[in-house]
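Visitor: One file: data_6.pdb (PDB, C-alpha atoms, pLDDT in the B column).
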```pdb
MODEL        1
ATOM      1  CA  MET F   1     129.773 110.011 107.133  1.00 68.00           C
ATOM      2  CA  PRO F   2     129.667 110.095 110.977  1.00 82.00           C
ATOM      3  CA  LYS F   3     129.084 106.841 112.819  1.00 91.00           C
ATOM      4  CA  THR F   4     125.740 106.146 114.476  1.00 96.00           C
ATOM      5  CA  ASN F   5     125.974 106.539 118.252  1.00 97.00           C
ATOM      6  CA  VAL F   6     124.359 103.708 120.219  1.00 97.00           C
ATOM      7  CA  LEU F   7     123.627 103.350 123.932  1.00 97.00           C
ATOM      8  CA  VAL F   8     123.382  99.763 125.212  1.00 97.00           C
ATOM      9  CA  VAL F   9     121.125  99.022 128.183  1.00 97.00           C
ATOM     10  CA  GLU F  10     121.506  95.425 129.390  1.00 95.00           C
ATOM     11  CA  ASP F  11     121.825  94.109 132.951  1.00 92.00           C
ATOM     12  CA  GLU F  12     123.719  90.924 132.051  1.00 92.00           C
ATOM     13  CA  SER F  13     127.380  91.946 131.824  1.00 93.00           C
ATOM     14  CA  ILE F  14     128.427  89.193 129.397  1.00 94.00           C
ATOM     15  CA  VAL F  15     125.463  89.855 127.093  1.00 93.00           C
ATOM     16  CA  SER F  16     126.132  93.603 127.193  1.00 95.00           C
ATOM     17  CA  LYS F  17     129.782  93.145 126.203  1.00 95.00           C
ATOM     18  CA  ASP F  18     128.774  90.777 123.401  1.00 95.00           C
ATOM     19  CA  ILE F  19     126.301  93.349 122.047  1.00 95.00           C
ATOM     20  CA  GLN F  20     128.898  96.108 122.230  1.00 96.00           C
ATOM     21  CA  HIS F  21     131.424  93.937 120.392  1.00 96.00           C
ATOM     22  CA  SER F  22     128.892  93.192 117.645  1.00 95.00           C
ATOM     23  CA  LEU F  23     127.992  96.856 117.293  1.00 96.00           C
ATOM     24  CA  LYS F  24     131.623  97.880 116.901  1.00 96.00           C
ATOM     25  CA  LYS F  25     132.153  95.157 114.278  1.00 95.00           C
ATOM     26  CA  LEU F  26     129.159  96.539 112.382  1.00 95.00           C
ATOM     27  CA  GLY F  27     130.656 100.033 112.387  1.00 95.00           C
ATOM     28  CA  TYR F  28     128.567 101.653 115.123  1.00 97.00           C
ATOM     29  CA  ASN F  29     129.945 103.830 117.916  1.00 97.00           C
ATOM     30  CA  VAL F  30     128.991 102.668 121.427  1.00 97.00           C
ATOM     31  CA  VAL F  31     128.695 105.815 123.555  1.00 97.00           C
ATOM     32  CA  GLY F  32     127.958 103.974 126.768  1.00 96.00           C
ATOM     33  CA  ALA F  33     126.436 100.984 128.527  1.00 96.00           C
ATOM     34  CA  ALA F  34     124.057 100.826 131.472  1.00 96.00           C
ATOM     35  CA  SER F  35     122.633  97.984 133.552  1.00 95.00           C
ATOM     36  CA  THR F  36     119.773  99.883 135.217  1.00 95.00           C
ATOM     37  CA  GLY F  37     116.995 102.138 133.996  1.00 94.00           C
ATOM     38  CA  GLU F  38     118.172 105.019 136.146  1.00 95.00           C
ATOM     39  CA  LYS F  39     121.709 104.870 134.761  1.00 95.00           C
ATOM     40  CA  ALA F  40     120.375 104.433 131.227  1.00 95.00           C
ATOM     41  CA  PHE F  41     118.335 107.633 131.424  1.00 96.00           C
ATOM     42  CA  GLU F  42     121.270 109.523 132.932  1.00 95.00           C
ATOM     43  CA  LEU F  43     123.602 108.390 130.119  1.00 96.00           C
ATOM     44  CA  ALA F  44     120.995 109.071 127.434  1.00 96.00           C
ATOM     45  CA  ALA F  45     120.570 112.646 128.679  1.00 96.00           C
ATOM     46  CA  GLU F  46     124.348 113.141 128.830  1.00 96.00           C
ATOM     47  CA  LYS F  47     125.451 111.408 125.604  1.00 95.00           C
ATOM     48  CA  ASN F  48     122.370 112.046 123.429  1.00 95.00           C
ATOM     49  CA  PRO F  49     122.813 108.848 121.362  1.00 97.00           C
ATOM     50  CA  ASP F  50     121.159 108.358 117.990  1.00 97.00           C
ATOM     51  CA  ILE F  51     119.450 105.198 119.227  1.00 97.00           C
ATOM     52  CA  ILE F  52     119.134 103.089 122.379  1.00 97.00           C
ATOM     53  CA  LEU F  53     119.111  99.290 122.593  1.00 97.00           C
ATOM     54  CA  MET F  54     117.008  98.601 125.693  1.00 96.00           C
ATOM     55  CA  ASP F  55     116.606  95.293 127.509  1.00 94.00           C
ATOM     56  CA  ILE F  56     113.013  95.027 128.718  1.00 92.00           C
ATOM     57  CA  MET F  57     113.727  93.079 131.903  1.00 88.00           C
ATOM     58  CA  LEU F  58     116.072  95.303 133.916  1.00 89.00           C
ATOM     59  CA  LYS F  59     116.860  94.993 137.602  1.00 83.00           C
ATOM     60  CA  GLY F  60     116.184  97.944 139.883  1.00 83.00           C
ATOM     61  CA  ASP F  61     113.312 100.369 140.335  1.00 90.00           C
ATOM     62  CA  MET F  62     112.798 101.041 136.598  1.00 92.00           C
ATOM     63  CA  ASN F  63     112.407  98.267 134.061  1.00 92.00           C
ATOM     64  CA  GLY F  64     113.178  98.740 130.379  1.00 93.00           C
ATOM     65  CA  ILE F  65     109.606  99.661 129.454  1.00 93.00           C
ATOM     66  CA  GLU F  66     109.392 102.378 132.126  1.00 94.00           C
ATOM     67  CA  THR F  67     112.803 103.703 131.092  1.00 95.00           C
ATOM     68  CA  ALA F  68     111.839 103.775 127.416  1.00 94.00           C
ATOM     69  CA  GLU F  69     108.648 105.648 128.288  1.00 93.00           C
ATOM     70  CA  LYS F  70     110.635 108.321 130.139  1.00 94.00           C
ATOM     71  CA  VAL F  71     113.200 108.552 127.316  1.00 94.00           C
ATOM     72  CA  LYS F  72     110.423 109.040 124.785  1.00 91.00           C
ATOM     73  CA  ALA F  73     108.660 111.729 126.828  1.00 90.00           C
ATOM     74  CA  GLU F  74     111.702 113.757 127.842  1.00 93.00           C
ATOM     75  CA  LEU F  75     114.574 113.002 125.436  1.00 94.00           C
ATOM     76  CA  HIS F  76     112.839 111.916 122.197  1.00 92.00           C
ATOM     77  CA  ILE F  77     115.461 109.285 121.367  1.00 95.00           C
ATOM     78  CA  PRO F  78     114.343 106.165 119.428  1.00 95.00           C
ATOM     79  CA  VAL F  79     114.440 102.887 121.350  1.00 96.00           C
ATOM     80  CA  ILE F  80     114.748  99.292 120.170  1.00 96.00           C
ATOM     81  CA  TYR F  81     113.867  96.631 122.727  1.00 95.00           C
ATOM     82  CA  LEU F  82     116.128  93.685 123.424  1.00 91.00           C
ATOM     83  CA  THR F  83     114.203  90.830 124.986  1.00 86.00           C
ATOM     84  CA  ALA F  84     114.165  87.121 125.556  1.00 81.00           C
ATOM     85  CA  TYR F  85     110.539  87.480 126.619  1.00 70.00           C
ATOM     86  CA  ALA F  86     108.219  87.589 123.648  1.00 64.00           C
ATOM     87  CA  ASP F  87     104.987  86.656 125.465  1.00 74.00           C
ATOM     88  CA  GLU F  88     101.801  88.604 124.702  1.00 80.00           C
ATOM     89  CA  SER F  89     101.608  90.280 128.105  1.00 79.00           C
ATOM     90  CA  THR F  90     105.126  91.732 127.837  1.00 78.00           C
ATOM     91  CA  LEU F  91     104.633  92.841 124.234  1.00 79.00           C
ATOM     92  CA  ALA F  92     101.317  94.490 125.122  1.00 82.00           C
ATOM     93  CA  LYS F  93     103.032  96.615 127.768  1.00 83.00           C
ATOM     94  CA  ALA F  94     106.022  97.359 125.565  1.00 86.00           C
ATOM     95  CA  LYS F  95     104.112  98.443 122.449  1.00 85.00           C
ATOM     96  CA  VAL F  96     102.396 101.270 124.327  1.00 86.00           C
ATOM     97  CA  THR F  97     105.768 103.053 124.398  1.00 88.00           C
ATOM     98  CA  GLU F  98     105.885 102.848 120.570  1.00 89.00           C
ATOM     99  CA  PRO F  99     109.393 101.385 120.207  1.00 93.00           C
ATOM    100  CA  TYR F 100     111.187 101.421 116.865  1.00 93.00           C
ATOM    101  CA  GLY F 101     111.705  97.674 116.892  1.00 92.00           C
ATOM    102  CA  TYR F 102     112.240  94.453 118.844  1.00 90.00           C
ATOM    103  CA  ILE F 103     115.258  92.180 118.784  1.00 91.00           C
ATOM    104  CA  ILE F 104     114.630  88.742 120.266  1.00 87.00           C
ATOM    105  CA  LYS F 105     117.604  87.259 122.115  1.00 86.00           C
ATOM    106  CA  PRO F 106     119.650  85.388 121.091  1.00 86.00           C
ATOM    107  CA  PHE F 107     120.109  87.273 117.845  1.00 88.00           C
ATOM    108  CA  LYS F 108     122.487  87.425 114.899  1.00 91.00           C
ATOM    109  CA  GLU F 109     124.558  90.443 113.912  1.00 93.00           C
ATOM    110  CA  VAL F 110     122.523  90.833 110.725  1.00 93.00           C
ATOM    111  CA  ASP F 111     119.357  91.152 112.855  1.00 92.00           C
ATOM    112  CA  LEU F 112     121.034  93.843 114.940  1.00 94.00           C
ATOM    113  CA  HIS F 113     122.159  95.787 111.879  1.00 96.00           C
ATOM    114  CA  THR F 114     118.797  95.513 110.088  1.00 95.00           C
ATOM    115  CA  SER F 115     116.792  96.566 113.141  1.00 95.00           C
ATOM    116  CA  ILE F 116     118.978  99.617 113.820  1.00 96.00           C
ATOM    117  CA  GLU F 117     118.967 100.821 110.209  1.00 96.00           C
ATOM    118  CA  MET F 118     115.208 100.370 109.840  1.00 96.00           C
ATOM    119  CA  ALA F 119     114.597 102.191 113.124  1.00 95.00           C
ATOM    120  CA  LEU F 120     116.828 105.112 112.154  1.00 95.00           C
ATOM    121  CA  TYR F 121     115.120 105.400 108.763  1.00 94.00           C
ATOM    122  CA  LYS F 122     111.661 105.378 110.357  1.00 92.00           C
ATOM    123  CA  TYR F 123     112.736 107.973 112.921  1.00 92.00           C
ATOM    124  CA  SER F 124     114.200 110.286 110.261  1.00 91.00           C
ATOM    125  CA  LYS F 125     110.971 110.130 108.231  1.00 88.00           C
ATOM    126  CA  GLU F 126     108.876 110.884 111.302  1.00 86.00           C
ATOM    127  CA  LYS F 127     111.041 113.929 112.016  1.00 84.00           C
ATOM    128  CA  GLU F 128     110.493 115.161 108.448  1.00 80.00           C
ATOM    129  CA  VAL F 129     106.723 114.851 108.848  1.00 77.00           C
ATOM    130  CA  LEU F 130     106.806 116.710 112.178  1.00 76.00           C
ATOM    131  CA  LYS F 131     108.981 119.433 110.678  1.00 74.00           C
ATOM    132  CA  GLU F 132     106.538 119.899 107.796  1.00 70.00           C
ATOM    133  CA  ARG F 133     103.587 119.941 110.190  1.00 68.00           C
ATOM    134  CA  ASP F 134     105.217 122.520 112.451  1.00 66.00           C
ATOM    135  CA  LEU F 135     106.085 124.692 109.453  1.00 63.00           C
ATOM    136  CA  PHE F 136     102.523 124.443 108.193  1.00 61.00           C
ATOM    137  CA  TYR F 137     101.057 125.393 111.569  1.00 59.00           C
ATOM    138  CA  SER F 138     103.474 128.295 111.957  1.00 57.00           C
ATOM    139  CA  LEU F 139     102.459 129.581 108.545  1.00 53.00           C
ATOM    140  CA  ILE F 140      98.719 129.456 109.113  1.00 53.00           C
ATOM    141  CA  GLU F 141      99.096 131.089 112.525  1.00 53.00           C
ATOM    142  CA  ASN F 142     101.114 133.946 111.041  1.00 51.00           C
ATOM    143  CA  LYS F 143      99.023 137.061 110.450  1.00 46.00           C
ATOM    144  CA  ASP F 144     100.516 137.509 106.985  1.00 50.00           C
ATOM    145  CA  SER F 145     100.066 133.881 105.989  1.00 53.00           C
ATOM    146  CA  LYS F 146      96.934 134.580 103.915  1.00 70.00           C
ATOM    147  CA  GLU F 147      99.214 136.189 101.338  1.00 79.00           C
ATOM    148  CA  PHE F 148     100.519 132.729 100.497  1.00 79.00           C
ATOM    149  CA  ILE F 149     100.004 129.071 101.327  1.00 80.00           C
ATOM    150  CA  PHE F 150     102.285 126.044 101.216  1.00 80.00           C
ATOM    151  CA  VAL F 151     101.131 122.808  99.607  1.00 80.00           C
ATOM    152  CA  LYS F 152     102.866 119.451  99.357  1.00 76.00           C
ATOM    153  CA  SER F 153     103.774 118.532  95.796  1.00 71.00           C
ATOM    154  CA  LYS F 154     106.048 115.608  94.880  1.00 70.00           C
ATOM    155  CA  SER F 155     107.468 115.349  98.425  1.00 70.00           C
ATOM    156  CA  ARG F 156     108.211 119.092  98.522  1.00 76.00           C
ATOM    157  CA  LEU F 157     106.445 121.999 100.168  1.00 80.00           C
ATOM    158  CA  VAL F 158     105.658 124.508  97.429  1.00 83.00           C
ATOM    159  CA  LYS F 159     104.850 128.140  98.178  1.00 84.00           C
ATOM    160  CA  ILE F 160     101.868 129.552  96.274  1.00 87.00           C
ATOM    161  CA  LYS F 161     100.980 133.233  96.339  1.00 88.00           C
ATOM    162  CA  THR F 162      97.245 133.455  96.934  1.00 88.00           C
ATOM    163  CA  GLU F 163      97.034 136.257  94.355  1.00 91.00           C
ATOM    164  CA  ASP F 164      97.995 133.640  91.729  1.00 92.00           C
ATOM    165  CA  ILE F 165      95.151 131.287  92.617  1.00 93.00           C
ATOM    166  CA  TYR F 166      92.250 131.319  90.146  1.00 94.00           C
ATOM    167  CA  TYR F 167      89.979 128.790  91.775  1.00 95.00           C
ATOM    168  CA  VAL F 168      89.813 125.785  94.084  1.00 95.00           C
ATOM    169  CA  GLU F 169      87.773 122.726  93.171  1.00 95.00           C
ATOM    170  CA  ALA F 170      86.557 119.918  95.442  1.00 94.00           C
ATOM    171  CA  LEU F 171      87.043 116.327  94.267  1.00 89.00           C
ATOM    172  CA  LYS F 172      85.711 113.869  96.862  1.00 81.00           C
ATOM    173  CA  ASP F 173      88.308 113.777  99.683  1.00 80.00           C
ATOM    174  CA  TYR F 174      90.706 116.076  97.827  1.00 88.00           C
ATOM    175  CA  VAL F 175      90.816 119.658  96.651  1.00 91.00           C
ATOM    176  CA  VAL F 176      92.617 120.969  93.580  1.00 93.00           C
ATOM    177  CA  ILE F 177      94.211 124.417  93.776  1.00 93.00           C
ATOM    178  CA  ASN F 178      94.413 125.956  90.308  1.00 94.00           C
ATOM    179  CA  THR F 179      96.735 128.747  89.208  1.00 92.00           C
ATOM    180  CA  LEU F 180      97.161 129.946  85.635  1.00 88.00           C
ATOM    181  CA  ASP F 181      99.952 127.451  84.956  1.00 88.00           C
ATOM    182  CA  ALA F 182      99.652 124.680  87.541  1.00 90.00           C
ATOM    183  CA  ARG F 183      97.337 122.408  89.526  1.00 90.00           C
ATOM    184  CA  TYR F 184      98.015 121.134  93.047  1.00 90.00           C
ATOM    185  CA  THR F 185      95.955 118.258  94.431  1.00 89.00           C
ATOM    186  CA  ILE F 186      95.955 117.972  98.218  1.00 86.00           C
ATOM    187  CA  HIS F 187      94.067 115.979 100.838  1.00 85.00           C
ATOM    188  CA  SER F 188      91.846 118.598 102.484  1.00 84.00           C
ATOM    189  CA  THR F 189      88.317 120.006 102.642  1.00 87.00           C
ATOM    190  CA  MET F 190      86.741 123.129 101.199  1.00 90.00           C
ATOM    191  CA  LYS F 191      85.959 124.324 104.720  1.00 89.00           C
ATOM    192  CA  ASP F 192      89.613 124.047 105.693  1.00 86.00           C
ATOM    193  CA  ILE F 193      90.802 125.757 102.498  1.00 88.00           C
ATOM    194  CA  ILE F 194      88.411 128.712 102.751  1.00 88.00           C
ATOM    195  CA  SER F 195      89.547 129.315 106.339  1.00 86.00           C
ATOM    196  CA  LYS F 196      93.126 129.749 105.120  1.00 83.00           C
ATOM    197  CA  LEU F 197      92.272 132.170 102.322  1.00 87.00           C
ATOM    198  CA  SER F 198      91.435 135.854 102.631  1.00 86.00           C
ATOM    199  CA  ALA F 199      87.690 136.434 102.997  1.00 87.00           C
ATOM    200  CA  GLU F 200      88.195 139.729 101.155  1.00 87.00           C
ATOM    201  CA  ALA F 201      89.754 138.120  98.084  1.00 90.00           C
ATOM    202  CA  PHE F 202      88.027 134.735  97.814  1.00 93.00           C
ATOM    203  CA  ILE F 203      84.449 133.574  97.807  1.00 94.00           C
ATOM    204  CA  ARG F 204      82.735 130.221  97.663  1.00 94.00           C
ATOM    205  CA  VAL F 205      80.314 130.255  94.712  1.00 95.00           C
ATOM    206  CA  HIS F 206      79.328 126.595  94.700  1.00 95.00           C
ATOM    207  CA  ARG F 207      79.702 123.683  97.109  1.00 93.00           C
ATOM    208  CA  SER F 208      82.537 122.461  94.878  1.00 95.00           C
ATOM    209  CA  PHE F 209      84.176 125.778  93.921  1.00 96.00           C
ATOM    210  CA  ILE F 210      85.987 128.696  95.536  1.00 95.00           C
ATOM    211  CA  VAL F 211      87.130 131.522  93.243  1.00 95.00           C
ATOM    212  CA  ARG F 212      89.334 134.578  93.569  1.00 94.00           C
ATOM    213  CA  VAL F 213      87.043 137.562  93.000  1.00 92.00           C
ATOM    214  CA  SER F 214      89.657 139.524  91.045  1.00 91.00           C
ATOM    215  CA  LYS F 215      89.946 136.656  88.529  1.00 93.00           C
ATOM    216  CA  ILE F 216      86.261 136.786  87.531  1.00 93.00           C
ATOM    217  CA  ALA F 217      85.963 138.108  83.978  1.00 92.00           C
ATOM    218  CA  SER F 218      82.194 137.939  83.544  1.00 91.00           C
ATOM    219  CA  ILE F 219      79.002 136.400  84.885  1.00 91.00           C
ATOM    220  CA  GLU F 220      76.172 134.904  82.883  1.00 91.00           C
ATOM    221  CA  TYR F 221      74.020 133.194  85.450  1.00 89.00           C
ATOM    222  CA  PRO F 222      74.139 130.312  86.309  1.00 93.00           C
ATOM    223  CA  ASN F 223      77.857 130.460  85.374  1.00 93.00           C
ATOM    224  CA  LEU F 224      80.801 132.748  85.861  1.00 93.00           C
ATOM    225  CA  TYR F 225      83.839 132.979  83.597  1.00 93.00           C
ATOM    226  CA  LEU F 226      87.401 133.453  84.768  1.00 93.00           C
ATOM    227  CA  GLU F 227      90.098 135.553  83.130  1.00 90.00           C
ATOM    228  CA  ASN F 228      92.295 134.027  80.425  1.00 85.00           C
ATOM    229  CA  ASP F 229      89.519 131.575  79.537  1.00 73.00           C
ATOM    230  CA  LYS F 230      90.680 129.604  82.531  1.00 70.00           C
ATOM    231  CA  LYS F 231      87.413 128.011  83.558  1.00 84.00           C
ATOM    232  CA  VAL F 232      83.608 128.207  83.459  1.00 91.00           C
ATOM    233  CA  ILE F 233      82.414 127.915  87.074  1.00 93.00           C
ATOM    234  CA  PRO F 234      78.809 127.082  88.039  1.00 95.00           C
ATOM    235  CA  ILE F 235      77.131 129.350  90.601  1.00 94.00           C
ATOM    236  CA  GLY F 236      75.162 127.495  93.265  1.00 93.00           C
ATOM    237  CA  GLY F 237      71.746 128.925  94.091  1.00 90.00           C
ATOM    238  CA  SER F 238      72.515 129.334  97.784  1.00 92.00           C
ATOM    239  CA  TYR F 239      75.732 131.250  96.998  1.00 92.00           C
ATOM    240  CA  LYS F 240      74.317 133.706  94.430  1.00 90.00           C
ATOM    241  CA  ASP F 241      73.303 136.516  96.820  1.00 88.00           C
ATOM    242  CA  GLU F 242      76.635 136.484  98.671  1.00 89.00           C
ATOM    243  CA  LEU F 243      78.480 136.671  95.349  1.00 90.00           C
ATOM    244  CA  LEU F 244      76.439 139.667  94.160  1.00 87.00           C
ATOM    245  CA  GLU F 245      77.081 141.463  97.451  1.00 86.00           C
ATOM    246  CA  LYS F 246      80.804 140.934  97.015  1.00 84.00           C
ATOM    247  CA  LEU F 247      80.934 142.451  93.523  1.00 82.00           C
ATOM    248  CA  ASN F 248      81.070 146.174  92.775  1.00 69.00           C
ATOM    249  CA  LEU F 249      77.848 146.479  90.799  1.00 65.00           C
ATOM    250  CA  LEU F 250      76.785 149.645  88.962  1.00 52.00           C
TER     251      LEU F 250
ENDMDL
END
```
What do you get writing this file as structure tokens?
Guide:
Amino acid sequence: MPKTNVLVVEDESIVSKDIQHSLKKLGYNVVGAASTGEKAFELAAEKNPDIILMDIMLKGDMNGIETAEKVKAELHIPVIYLTAYADESTLAKAKVTEPYGYIIKPFKEVDLHTSIEMALYKYSKEKEVLKERDLFYSLIENKDSKEFIFVKSKSRLVKIKTEDIYYVEALKDYVVINTLDARYTIHSTMKDIISKLSAEAFIRVHRSFIVRVSKIASIEYPNLYLENDKKVIPIGGSYKDELLEKLNLL
């Protein structure tokens, strides 16, 4: 397993060397050290470390908070603050940059190790969420996406062909997508779901139900019956006319 690459940003030479020594003892790879914000950003862009340990109070034109803000905006590298200043004013300014942790000096090696590992874990989970979100958006923006949808089930994204969907049911803040053999409960709204399904193939027949037209076996108002004895669905009064227009009546 490759070592975690760490960039150390600390303007006190002795403290910086002590941190680097501790990191190496803990099994991390120190890719560089900087004493100013300008040099820190330059090294971060060049070395692309996995994480940056950033002293808040740096000398020069850019302090640690300003440097971390620029790193976040342009390089997207997680930052842990090193500080001997834990006053409310400093923390208020620092937290706006959404760091992945704080280490109060002086610190123990176990604190250093714990903070880095927790920060890396948090960062990896955030990347997973962003990846899922980007995939979801790319799918719904695709012209062919109404042929299938992706839903999250047991920490996985599962592809469902819309032709396999029998009906969708609203349950408070959730909706349940029902196929012949499975049910998928997701946090969404009926309005959001209907926008992602083909208007040709699906219709809302009740405030709590959306059905696939081709799965309707029969209608005996005020209910409709789905194929394979899947479900009896109530027909809402305000949805009746739209449903009748959608069907091929003789």
Visitor: What lies within 6 Å of His206 of chain F using all atoms listed in the file, ignoring chain neighbours under 3 positions off, as a list in words?
Guide: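 What passes the distance filter is Phe209, Ile235 and Gly236 of chain F.
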Visitor: Using all atoms listed in the file, determine which residues lie at most 9 Å from Asn228 of chain F, disregarding the query and same-chain residues fewer than 5 positions distant; provide the list as a short mmCIF file (atom, residue, chain, number, x, y, z; two decimals) with C-alpha atoms, in the coordinates of the input.
Guide:
```cif
data_model
loop_
_atom_site.label_atom_id
_atom_site.label_comp_id
_atom_site.auth_asym_id
_atom_site.auth_seq_id
_atom_site.Cartn_x
_atom_site.Cartn_y
_atom_site.Cartn_z
CA LEU F 180 97.16 129.95 85.64
CA LYS F 215 89.95 136.66 88.53
CA ALA F 217 85.96 138.11 83.98
#
```
Visitor: Need the shell around Tyr167 of chain F: protein/DNA/RNA residues with any atom at most 6 Å away, counting all atoms listed in the file. Skip same-chain ones fewer than 6 positions apart. Format as an NGL selection string?
Guide: :F and (178 or 210-211)
Visitor: Need the shell around Asp181 of chain F: protein/DNA/RNA residues with any atom at most 10 Å away, counting only C-alpha atoms. Skip same-chain ones fewer than 6 positions apart. Format as a VMD selection string?
Guide: chain F and resid 164 to 165 230
Visitor: Expand the PyMOL selection byres ((chain F and resi 103) around 6) into the explicit residue set it covers here, and present it as a list in words.
Guide: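 So the PyMOL selection byres ((chain F and resi 103) around 6), applied here, picks out Leu82, Tyr102 and Ile104 of chain F.
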Visitor: Between F:Ile203, F:Ile56, F:Ala182, F:Ala44, which is the closest to Glu74 of chain F once you count all atoms listed in the file?
Guide: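 Between F:Ile203, F:Ile56, F:Ala182, F:Ala44, the residue approaching Glu74 of chain F most closely is F:Ala44.
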Visitor: Just so the selection is clear, what residues does the PyMOL selection byres ((chain F and resi 106-111) around 12) cover here, as a VMD selection string?
Guide: chain F and resid 15 18 to 28 80 82 to 86 101 to 105 112 to 118
Visitor: Output the residue selection produced by the PyMOL selection byres ((chain F and resi 100) around 8) on the file above, formatted as a list in words.
Guide: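 With the shown file as input, the PyMOL selection byres ((chain F and resi 100) around 8) matches Pro78, Val79, Ile80, Glu98, Pro99, Gly101, Tyr102, Ala119, Lys122 and Tyr123 of chain F.
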Visitor: Near Phe202 of chain F, counting all atoms listed in the file, which residues have an atom at most 10 Å away, once you skip same-chain residues fewer than 2 positions from it, shown as a list of chain:residue names?
Guide: F:Thr162, F:Glu163, F:Ile165, F:Tyr166, F:Tyr167, F:Val168, F:Ile194, F:Leu197, F:Ser198, F:Ala199, F:Glu200, F:Arg204, F:Val205, F:Ile210, F:Val211, F:Arg212, F:Val213, F:Ser214, F:Lys215, F:Lys246
Visitor: Work out how far atom CA of Lys59 of chain F is from atom CA of Thr36 of chain F, in Å to one decimal.
Guide: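 Atom CA of Lys59 of chain F lies 6.2 Å from atom CA of Thr36 of chain F.
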Visitor: Box in all listed atoms of segment 39-56 of chain F, axis-aligned, with 6 Å more on each side; write out centre and edge lengths in Å to one decimal as JSON.
Guide:
```
{"center_x": 119.2, "center_y": 104.1, "center_z": 126.4, "size_x": 24.4, "size_y": 30.1, "size_z": 28.8}
```
Visitor: Which residues, protein or nucleic acid, reach to within 8 Å of (123.6, 100.3, 130.2) in the file's coordinates when using all atoms listed in the file, and can you give that as a short mmCIF file (atom, residue, chain, number, x, y, z; two decimals) with C-alpha atoms, in the frame of the given file?
Guide:
```cif
data_model
loop_
_atom_site.label_atom_id
_atom_site.label_comp_id
_atom_site.auth_asym_id
_atom_site.auth_seq_id
_atom_site.Cartn_x
_atom_site.Cartn_y
_atom_site.Cartn_z
CA LEU F 7 123.63 103.35 123.93
CA VAL F 8 123.38 99.76 125.21
CA VAL F 9 121.12 99.02 128.18
CA GLU F 10 121.51 95.42 129.39
CA ASP F 11 121.82 94.11 132.95
CA SER F 16 126.13 93.60 127.19
CA GLY F 32 127.96 103.97 126.77
CA ALA F 33 126.44 100.98 128.53
CA ALA F 34 124.06 100.83 131.47
CA SER F 35 122.63 97.98 133.55
CA THR F 36 119.77 99.88 135.22
CA GLY F 37 117.00 102.14 134.00
CA LYS F 39 121.71 104.87 134.76
CA ALA F 40 120.38 104.43 131.23
#
```
Visitor: May I ask for the distance between atom CA of Asp87 of chain F and atom CA of Glu66 of chain F, given in Å to one decimal place?
Guide: 17.6 Å
Visitor: Please indicate the distance in Å from atom CA of Ala170 of chain F to atom CA of Glu245 of chain F, rounded to one decimal place.
Guide: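 The value is 23.6 Å.
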Visitor: Measuring atom to atom with all atoms listed in the file, identify which of F:Leu91, F:Val6, F:Ile65, F:Val71 is nearest to Ile52 of chain F.
Guide: F:Val6
